[in-house]
Amino acid sequence: MSLAARFLPALILTAILLPIGAGLWQTALAAAGHLPAIGAQGPDLAAWAALWDRPGLGRAVWLSLFTGIGATLLSFLLALASAMAITRKGRGGRLLAPLLAMPHAALAIGLAFVMAPSGWIARAVAPVLGWDRPPDIASIGDPFGLSLIAGLTVKEFPFLLLMMLTACAQIPLRRHLRAGRALGASEARLWLAIILPQIWPLMRLPVLVVLAYSMSVVDVALILGPSNPPTLAVLLARDYADPDLTRLMSGSAGSLLQLALVGAAAGAGLLIRRPVARLGGAWVHAGAPAPGAGIALRALRGAACVAMTLGFGAMVALVIWSLAWRWAFPDLVPQELSLRIWARSVQGWAAPLANTLIMAGASTALALLAAIAWLESETRSNRRLPWAEAAIFVPLLLPQIGFLFGVNTAALRAGLSPGMWLVIWGHAIFVFPYTMIALADPWRAVDPRHFRAGAALGAGPWRRLFALRLPILLRPILTAAAIGIAVSVAQYLPTLFLGAGRTPSLTTEAVTLAASSDRRVTAVVATIQAALPLMGFAAAFVIPAILHRNRRDLRGA
Amino acid sequence: MLELIDLAIRLPGGRPLLGPMSLRVEAGQVLSVMGPSGVGKSSLLDAIGGHLGAGFALQGRVLLDGRDLTGLPAERRNIGMIFQNSDLFPHLSVGQNLGFGMPRRHRDRRARIESALVDAGLGGMHDRDPATLSGGQRARAALMRGLLAEPAAILLDEPFSALDAQLRDEIRSFTFDHLRAAGIPALMVTHDAQDATSAGGPVIALG
């Protein structure tokens, strides 16, 4: 076992980093004009030249930077303002769970139903403004990507808020605030001058994950983003789907550009930390004057409430649209509700639902098994591997569009055909970091005396694992599983690229349908997509509540 | 009989913590090791029981009934351990806790558990949540759990210091009565002279 304990983390890391490394390498080769599968034997610069000649490339790059950085900044500010309110009132955090569970594509579709010219907001103001038909305004898909920023923010700010609340729990927040208030500082000044510098080290990774995601997202951008020209990631996704196969190579060159953009933005974000800290020090030295900070934070809190309302409105809109038999424009509710659309479209969603369940079940099981193996080997060898623990997060820090086509190429060259197994592997790579985040702290927090007592009663390492550690950790394990299911259900590009289009999931179906005209069928698929993670979280809540109904010390763990 | 021969413990980093010391505990005897906190009393128990953390260096030998235990993992030493807070496993019922270490050869498991429960004044509490027991009930259940595993020796780490004064006398006599009846060597570390007096065995002072 000690040998296995030593090599398990290395094996898991290989399963994660090998495909990514191979994908990056193949992407780089294709960008250099070498793609033997289509007869291109480079090296040459044709791919770069073709990329350069793409109309709208500059605008696409600009849009990616603007929407990605804009959504990240806005999400961070909304999270900060909400964290202030939630830590003060001690409640409100629970509202986050449904938004966290919601897959990006379903949320984007729901938001489109709310914000579109024929959506709920327009219907609500129609009587006032005298509209009897949807107005001719680009309230979604606007050329500046503002609706994309809004959509990303609704989804990402709850994630940053959750991470921020976790970070706040690790510092003596209340004592610092109390001490600061006693010195006469306002709450807003204290958060900026005292709390933010303390939680930033814990927020750095989540912020970078959100930045990399927002700058390179494809599914949300297809639904809410500008279309002509689109963001860089959407431009590349179109290249990869183009019947003209030479576009694969200009797409690969674009992928490298995308990687460079995300790297540059992340690097700039990390580099300005030092000057910001110096300026901040001088600012605190000057007494941390913050005129207007209170008002600004109130405004941000209001914006956070709007974002939450939009998110919940999107969920409700999905369900109602899936049931709307007839719904003429200015009416706020449908004239007639019916399950006919569900029944009629069953052919369309049954197979994707089955595929989604297989992908989510298998990838979550793999990721959970890997996380338990990782943590148990840490327990037995009694040492942590800081570098390896950091490497787990590499998949979340790289833009998916930057390497997934290369993974597909690498798999083909290695004799693995794209399909369900490759998709499951791909999903597991992105699920694993989240199961580790969910499981690692509870794992390490179990009172070690239980295991000494177990050993003194004759229980060996396996019995200590199966009869003590895992049952004690039932609740966090199920929570990790629910998070894993939510992450897997939300995956778009891995399903598309690693399944080579042969494994349609609810997500790929929903995104395809969103571009079509029938909102009701789209709503059915998106509703099922949104329901799966919610059911996972409900199970993770109910199962321990039943099994541990008579075990006080395990409740609320 | 439990014997320590030239046992010495070094801290991670190499600084000596304890020993070398030799001692011997006869069957049915409770030997008390006294000393202020920080002299390595708990580490001594960990060394004997096989629970020493990574980085600690151990020299000398531990013999139990002539068998050399040095290097064996805790679960194969057959040495029970009673801790200060007598933590029962939170996910198991009281009865399941008592049965956790019972040797598998026993066929009449339930009967043994029930009679141990009655013996500890916990009759009818087999299915109770351990979190609902009082401090004294938990201490008695933890001792019973240790004894039902039929250890060849038992170690007690400040077993009564978490109990309030009234309860302490009662649990002390309950514990020592049962240890004597079990007829196995017991080694207790404590900083309370009253514990050592009640134990009635030899006393060694450390530090």
# chains A, B, ... in the order shown; residues from 1 in each chain; ligands from 1
>>> interface_residues(of="chain B", to="chain A", cutoff="10 Å", atoms="only C-alpha atoms", output="JSON, numbers by chain")
{"B": [46, 49, 50, 51, 52, 53, 54, 55, 73, 74, 75, 76, 77, 78, 79, 80, 81, 82, 83, 85, 86, 87, 88, 89, 90, 91, 92, 93, 99, 100, 101, 102, 103, 127, 128, 129, 130, 131, 132, 142, 145, 146, 147, 148, 149, 150, 151, 154, 155]}
>>> write_last_selection(atoms="C-alpha atoms", output="tab-separated table (two decimals), in the first residue's frame")
chain	number	residue	atom	x	y	z
B	46	ASP	CA	1.64	6.52	21.63
B	49	GLY	CA	0.35	1.61	21.40
B	50	GLY	CA	1.89	2.21	17.97
B	51	HIS	CA	0.31	5.63	17.39
B	52	LEU	CA	3.47	7.72	17.28
B	53	GLY	CA	3.22	10.44	14.64
B	54	ALA	CA	5.49	10.67	11.61
B	55	GLY	CA	8.91	12.10	12.38
B	73	PRO	CA	1.17	-1.14	13.40
B	74	ALA	CA	-1.28	-0.16	16.15
B	75	GLU	CA	-4.05	-2.45	14.96
B	76	ARG	CA	-1.87	-5.56	15.32
B	77	ARG	CA	-0.57	-4.86	18.82
B	78	ASN	CA	-3.74	-5.83	20.64
B	79	ILE	CA	-3.32	-2.91	23.01
B	80	GLY	CA	-6.43	-0.97	23.96
B	81	MET	CA	-6.43	2.77	24.53
B	82	ILE	CA	-8.74	4.97	26.61
B	83	PHE	CA	-8.59	8.70	25.91
B	85	ASN	CA	-12.63	12.68	26.10
B	86	SER	CA	-13.69	9.10	25.45
B	87	ASP	CA	-14.88	9.94	21.96
B	88	LEU	CA	-17.30	7.37	20.64
B	89	PHE	CA	-17.57	7.04	16.86
B	90	PRO	CA	-20.22	9.63	15.93
B	91	HIS	CA	-21.82	7.66	13.08
B	92	LEU	CA	-22.44	4.44	15.03
B	93	SER	CA	-25.01	3.71	17.73
B	99	GLY	CA	-19.08	-4.10	19.19
B	100	PHE	CA	-16.56	-2.35	16.91
B	101	GLY	CA	-13.46	-4.08	18.26
B	102	MET	CA	-14.96	-7.38	19.37
B	103	PRO	CA	-13.03	-10.36	17.95
B	127	ASP	CA	-29.52	2.02	19.55
B	128	ARG	CA	-28.91	5.40	21.17
B	129	ASP	CA	-26.98	8.19	19.44
B	130	PRO	CA	-23.67	8.45	21.35
B	131	ALA	CA	-23.96	12.24	21.18
B	132	THR	CA	-26.95	12.03	23.57
B	142	ALA	CA	-15.68	3.88	25.96
B	145	ARG	CA	-15.73	-0.72	24.01
B	146	GLY	CA	-12.04	-1.07	24.86
B	147	LEU	CA	-12.52	-4.16	27.02
B	148	LEU	CA	-14.86	-5.96	24.60
B	149	ALA	CA	-11.99	-5.87	22.07
B	150	GLU	CA	-10.22	-8.22	24.53
B	151	PRO	CA	-6.88	-6.40	24.49
B	154	ILE	CA	-4.59	-1.32	28.04
B	155	LEU	CA	-3.31	2.26	28.04
>>> residues_around(residues="His427 (chain A)", least_positions_apart="4", cutoff="10 Å", atoms="only C-alpha atoms", output="count of residues only")
24
>>> residues_around(residues="region 184-198 of chain B", least_positions_apart="5", cutoff="6 Å", atoms="only C-alpha atoms", output="list of chain:residue names")
B:Met1, B:Val25, B:Glu26, B:Ala27, B:Gly28, B:Gln29, B:Val30, B:Leu31, B:Ser32, B:Val33, B:Met34, B:Gly35, B:Ala153, B:Ile154, B:Leu155, B:Leu156, B:Asp157, B:Glu158
>>> write_last_selection(atoms="C-alpha atoms", output="PDB file, in the first residue's frame")
ATOM      1  CA  MET B   1       3.016  -8.695  31.245  1.00  0.00           C
ATOM      2  CA  VAL B  25       3.637  -3.969  34.354  1.00  0.00           C
ATOM      3  CA  GLU B  26       2.256  -7.271  35.657  1.00  0.00           C
ATOM      4  CA  ALA B  27      -1.111  -8.666  34.620  1.00  0.00           C
ATOM      5  CA  GLY B  28      -3.915  -7.170  36.696  1.00  0.00           C
ATOM      6  CA  GLN B  29      -1.718  -4.275  37.756  1.00  0.00           C
ATOM      7  CA  VAL B  30      -2.264  -0.582  36.951  1.00  0.00           C
ATOM      8  CA  LEU B  31       1.000   1.318  36.698  1.00  0.00           C
ATOM      9  CA  SER B  32       0.689   5.107  36.894  1.00  0.00           C
ATOM     10  CA  VAL B  33       3.050   7.474  35.117  1.00  0.00           C
ATOM     11  CA  MET B  34       2.893  10.951  36.611  1.00  0.00           C
ATOM     12  CA  GLY B  35       4.316  14.251  35.513  1.00  0.00           C
ATOM     13  CA  ALA B 153      -2.931  -4.680  27.669  1.00  0.00           C
ATOM     14  CA  ILE B 154      -4.589  -1.317  28.037  1.00  0.00           C
ATOM     15  CA  LEU B 155      -3.308   2.257  28.044  1.00  0.00           C
ATOM     16  CA  LEU B 156      -5.154   5.143  29.691  1.00  0.00           C
ATOM     17  CA  ASP B 157      -4.378   8.745  28.709  1.00  0.00           C
ATOM     18  CA  GLU B 158      -5.623  11.145  31.440  1.00  0.00           C
TER      19      GLU B 158
END
>>> atom_distance(atom1="CA of Gly281 (chain A)", atom2="CA of Leu190 (chain A)")
13.5 Å
>>> residues_around(residues="Arg67 (chain B)", least_positions_apart="3", cutoff="10 Å", atoms="only C-alpha atoms", output="ChimeraX atom specification")
/B:1-3,62-64,70,77
>>> residues_around(residues="Gly13 (chain B)", least_positions_apart="2", cutoff="9 Å", atoms="only C-alpha atoms", output="NGL selection string")
:B and (10-11 or 15 or 55-56)
>>> residues_around(residues="Ala97 (chain A)", least_positions_apart="6", cutoff="12 Å", atoms="only C-alpha atoms", output="tab-separated table (two decimals) with N, CA and C atoms, in the first residue's frame")
chain	number	residue	atom	x	y	z
A	155	LYS	N	-24.10	34.18	-13.30
A	155	LYS	CA	-23.66	32.82	-12.99
A	155	LYS	C	-22.39	32.83	-12.11
A	158	PRO	N	-22.23	34.36	-7.84
A	158	PRO	CA	-22.51	33.48	-6.70
A	158	PRO	C	-21.33	32.57	-6.36
A	159	PHE	N	-20.58	32.13	-7.40
A	159	PHE	CA	-19.41	31.28	-7.15
A	159	PHE	C	-18.35	32.05	-6.37
A	161	LEU	N	-18.84	34.65	-4.58
A	161	LEU	CA	-19.38	34.96	-3.26
A	161	LEU	C	-19.21	33.77	-2.32
A	162	LEU	N	-19.51	32.57	-2.82
A	162	LEU	CA	-19.33	31.38	-1.98
A	162	LEU	C	-17.88	31.25	-1.54
A	308	MET	N	-29.40	38.39	-8.77
A	308	MET	CA	-30.07	37.24	-8.17
A	308	MET	C	-31.48	37.09	-8.74
A	311	GLY	N	-31.41	35.74	-12.13
A	311	GLY	CA	-31.10	34.31	-12.12
A	311	GLY	C	-32.33	33.48	-11.79
A	312	PHE	N	-33.04	33.88	-10.73
A	312	PHE	CA	-34.22	33.10	-10.36
A	312	PHE	C	-35.33	33.27	-11.41
A	479	THR	N	-22.10	15.81	-1.04
A	479	THR	CA	-22.05	17.17	-1.56
A	479	THR	C	-21.05	17.25	-2.71
A	482	ALA	N	-22.62	15.82	-5.71
A	482	ALA	CA	-23.61	16.71	-6.32
A	482	ALA	C	-22.91	17.81	-7.11
A	483	ILE	N	-21.82	18.35	-6.55
A	483	ILE	CA	-21.07	19.38	-7.27
A	483	ILE	C	-20.50	18.78	-8.55
A	486	ALA	N	-23.14	18.55	-11.15
A	486	ALA	CA	-23.44	19.87	-11.70
A	486	ALA	C	-22.37	20.30	-12.69
A	533	PRO	N	-28.84	18.86	-11.84
A	533	PRO	CA	-27.99	19.23	-10.70
A	533	PRO	C	-28.80	19.54	-9.44
A	534	LEU	N	-29.96	20.17	-9.62
A	534	LEU	CA	-30.78	20.48	-8.44
A	534	LEU	C	-31.19	19.20	-7.73
A	535	MET	N	-31.54	18.17	-8.52
A	535	MET	CA	-31.92	16.90	-7.92
A	535	MET	C	-30.73	16.28	-7.20
A	536	GLY	N	-29.53	16.45	-7.78
A	536	GLY	CA	-28.32	15.95	-7.12
A	536	GLY	C	-28.12	16.61	-5.76
A	537	PHE	N	-28.27	17.94	-5.72
A	537	PHE	CA	-28.09	18.64	-4.45
A	537	PHE	C	-29.17	18.26	-3.45
A	538	ALA	N	-30.39	18.07	-3.96
A	538	ALA	CA	-31.47	17.67	-3.05
A	538	ALA	C	-31.15	16.31	-2.44
A	541	PHE	N	-28.65	16.45	0.21
A	541	PHE	CA	-29.18	17.02	1.44
A	541	PHE	C	-30.05	16.01	2.18
>>> atom_distance(atom1="CA of Ala108 (chain A)", atom2="CA of Thr87 (chain A)")
28.9 Å
>>> select_by_dssp(residues="region 36-116 of chain B", states="strand (DSSP E or B)", output="list in words")
Ala57, Leu58, Gln59, Gly60, Arg61, Val62, Leu63, Leu64, Arg67, Asp68, Ile79, Gly80, Met81 and Ile82 of chain B
>>> residues_around(residues="Ile69 (chain A)", least_positions_apart="3", cutoff="8 Å", atoms="only C-alpha atoms", output="NGL selection string")
:A and (65-66 or 72-73 or 211 or 214-215 or 265)
>>> atom_distance(atom1="CA of Ser134 (chain B)", atom2="CA of Leu167 (chain B)")
10.7 Å
>>> select_by_dssp(residues="region 183-340 of chain A", states="alpha helix (DSSP H)", output="number ranges by chain")
A: 187-190, 196-216, 219-224, 232-241, 247-271, 273-285, 293-323, 340
>>> decode(residues="region 311-347 of chain A", atoms="N, CA and C atoms", output="short mmCIF file (atom, residue, chain, number, x, y, z; two decimals), in the first residue's frame")
data_model
loop_
_atom_site.label_atom_id
_atom_site.label_comp_id
_atom_site.auth_asym_id
_atom_site.auth_seq_id
_atom_site.Cartn_x
_atom_site.Cartn_y
_atom_site.Cartn_z
N GLY A 311 -31.41 35.74 -12.13
CA GLY A 311 -31.10 34.31 -12.12
C GLY A 311 -32.33 33.48 -11.79
N PHE A 312 -33.04 33.88 -10.73
CA PHE A 312 -34.22 33.10 -10.36
C PHE A 312 -35.33 33.27 -11.41
N GLY A 313 -35.43 34.50 -11.95
CA GLY A 313 -36.39 34.72 -13.02
C GLY A 313 -36.11 33.81 -14.21
N ALA A 314 -34.81 33.63 -14.51
CA ALA A 314 -34.43 32.77 -15.63
C ALA A 314 -34.90 31.34 -15.39
N MET A 315 -34.76 30.86 -14.14
CA MET A 315 -35.20 29.49 -13.84
C MET A 315 -36.69 29.35 -14.06
N VAL A 316 -37.44 30.31 -13.52
CA VAL A 316 -38.90 30.24 -13.65
C VAL A 316 -39.30 30.35 -15.12
N ALA A 317 -38.60 31.24 -15.84
CA ALA A 317 -38.93 31.44 -17.26
C ALA A 317 -38.75 30.14 -18.04
N LEU A 318 -37.69 29.39 -17.72
CA LEU A 318 -37.47 28.11 -18.41
C LEU A 318 -38.67 27.20 -18.25
N VAL A 319 -39.10 27.04 -17.00
CA VAL A 319 -40.20 26.11 -16.72
C VAL A 319 -41.47 26.57 -17.42
N ILE A 320 -41.77 27.86 -17.31
CA ILE A 320 -43.02 28.35 -17.90
C ILE A 320 -43.01 28.22 -19.42
N TRP A 321 -41.87 28.58 -20.03
CA TRP A 321 -41.81 28.44 -21.49
C TRP A 321 -41.97 26.99 -21.93
N SER A 322 -41.44 26.05 -21.10
CA SER A 322 -41.54 24.65 -21.50
C SER A 322 -43.00 24.18 -21.44
N LEU A 323 -43.84 24.92 -20.70
CA LEU A 323 -45.24 24.53 -20.55
C LEU A 323 -46.18 25.42 -21.35
N ALA A 324 -45.62 26.45 -22.02
CA ALA A 324 -46.47 27.45 -22.66
C ALA A 324 -46.98 26.92 -23.99
N TRP A 325 -48.28 26.68 -24.06
CA TRP A 325 -48.84 26.20 -25.33
C TRP A 325 -49.08 27.39 -26.25
N ARG A 326 -49.74 28.42 -25.72
CA ARG A 326 -49.90 29.65 -26.49
C ARG A 326 -49.53 30.81 -25.59
N TRP A 327 -48.71 31.74 -26.13
CA TRP A 327 -48.26 32.86 -25.31
C TRP A 327 -48.02 34.06 -26.23
N ALA A 328 -49.04 34.87 -26.40
CA ALA A 328 -48.92 36.03 -27.29
C ALA A 328 -48.11 37.13 -26.62
N PHE A 329 -47.61 38.11 -27.44
CA PHE A 329 -46.56 38.99 -26.93
C PHE A 329 -46.82 39.76 -25.65
N PRO A 330 -47.70 40.69 -25.57
CA PRO A 330 -47.51 41.49 -24.35
C PRO A 330 -48.01 40.80 -23.08
N ASP A 331 -48.60 39.61 -23.19
CA ASP A 331 -49.10 38.93 -21.99
C ASP A 331 -47.94 38.50 -21.09
N LEU A 332 -48.16 38.66 -19.78
CA LEU A 332 -47.11 38.27 -18.83
C LEU A 332 -47.08 36.77 -18.58
N VAL A 333 -48.23 36.11 -18.75
CA VAL A 333 -48.28 34.65 -18.57
C VAL A 333 -48.95 34.05 -19.79
N PRO A 334 -48.66 32.77 -20.06
CA PRO A 334 -49.23 32.14 -21.24
C PRO A 334 -50.75 32.02 -21.13
N GLN A 335 -51.41 32.02 -22.29
CA GLN A 335 -52.86 31.81 -22.29
C GLN A 335 -53.20 30.38 -21.90
N GLU A 336 -52.32 29.46 -22.30
CA GLU A 336 -52.65 28.06 -22.07
C GLU A 336 -51.37 27.29 -21.72
N LEU A 337 -51.43 26.54 -20.61
CA LEU A 337 -50.30 25.70 -20.23
C LEU A 337 -50.59 24.27 -20.64
N SER A 338 -49.52 23.53 -20.98
CA SER A 338 -49.74 22.16 -21.43
C SER A 338 -48.43 21.39 -21.35
N LEU A 339 -48.56 20.08 -21.18
CA LEU A 339 -47.38 19.22 -21.18
C LEU A 339 -47.11 18.67 -22.58
N ARG A 340 -47.89 19.19 -23.56
CA ARG A 340 -47.78 18.62 -24.90
C ARG A 340 -46.38 18.75 -25.48
N ILE A 341 -45.72 19.89 -25.19
CA ILE A 341 -44.39 20.09 -25.75
C ILE A 341 -43.43 19.04 -25.20
N TRP A 342 -43.56 18.77 -23.89
CA TRP A 342 -42.72 17.74 -23.28
C TRP A 342 -42.92 16.41 -23.98
N ALA A 343 -44.19 16.04 -24.16
CA ALA A 343 -44.48 14.74 -24.77
C ALA A 343 -44.01 14.70 -26.22
N ARG A 344 -44.25 15.82 -26.91
CA ARG A 344 -43.94 15.84 -28.33
C ARG A 344 -42.43 15.81 -28.59
N SER A 345 -41.66 16.38 -27.69
CA SER A 345 -40.22 16.48 -27.94
C SER A 345 -39.43 15.35 -27.29
N VAL A 346 -40.14 14.35 -26.76
CA VAL A 346 -39.44 13.31 -26.00
C VAL A 346 -38.36 12.62 -26.83
N GLN A 347 -38.65 12.46 -28.13
CA GLN A 347 -37.65 11.86 -29.02
C GLN A 347 -36.37 12.68 -29.04
#
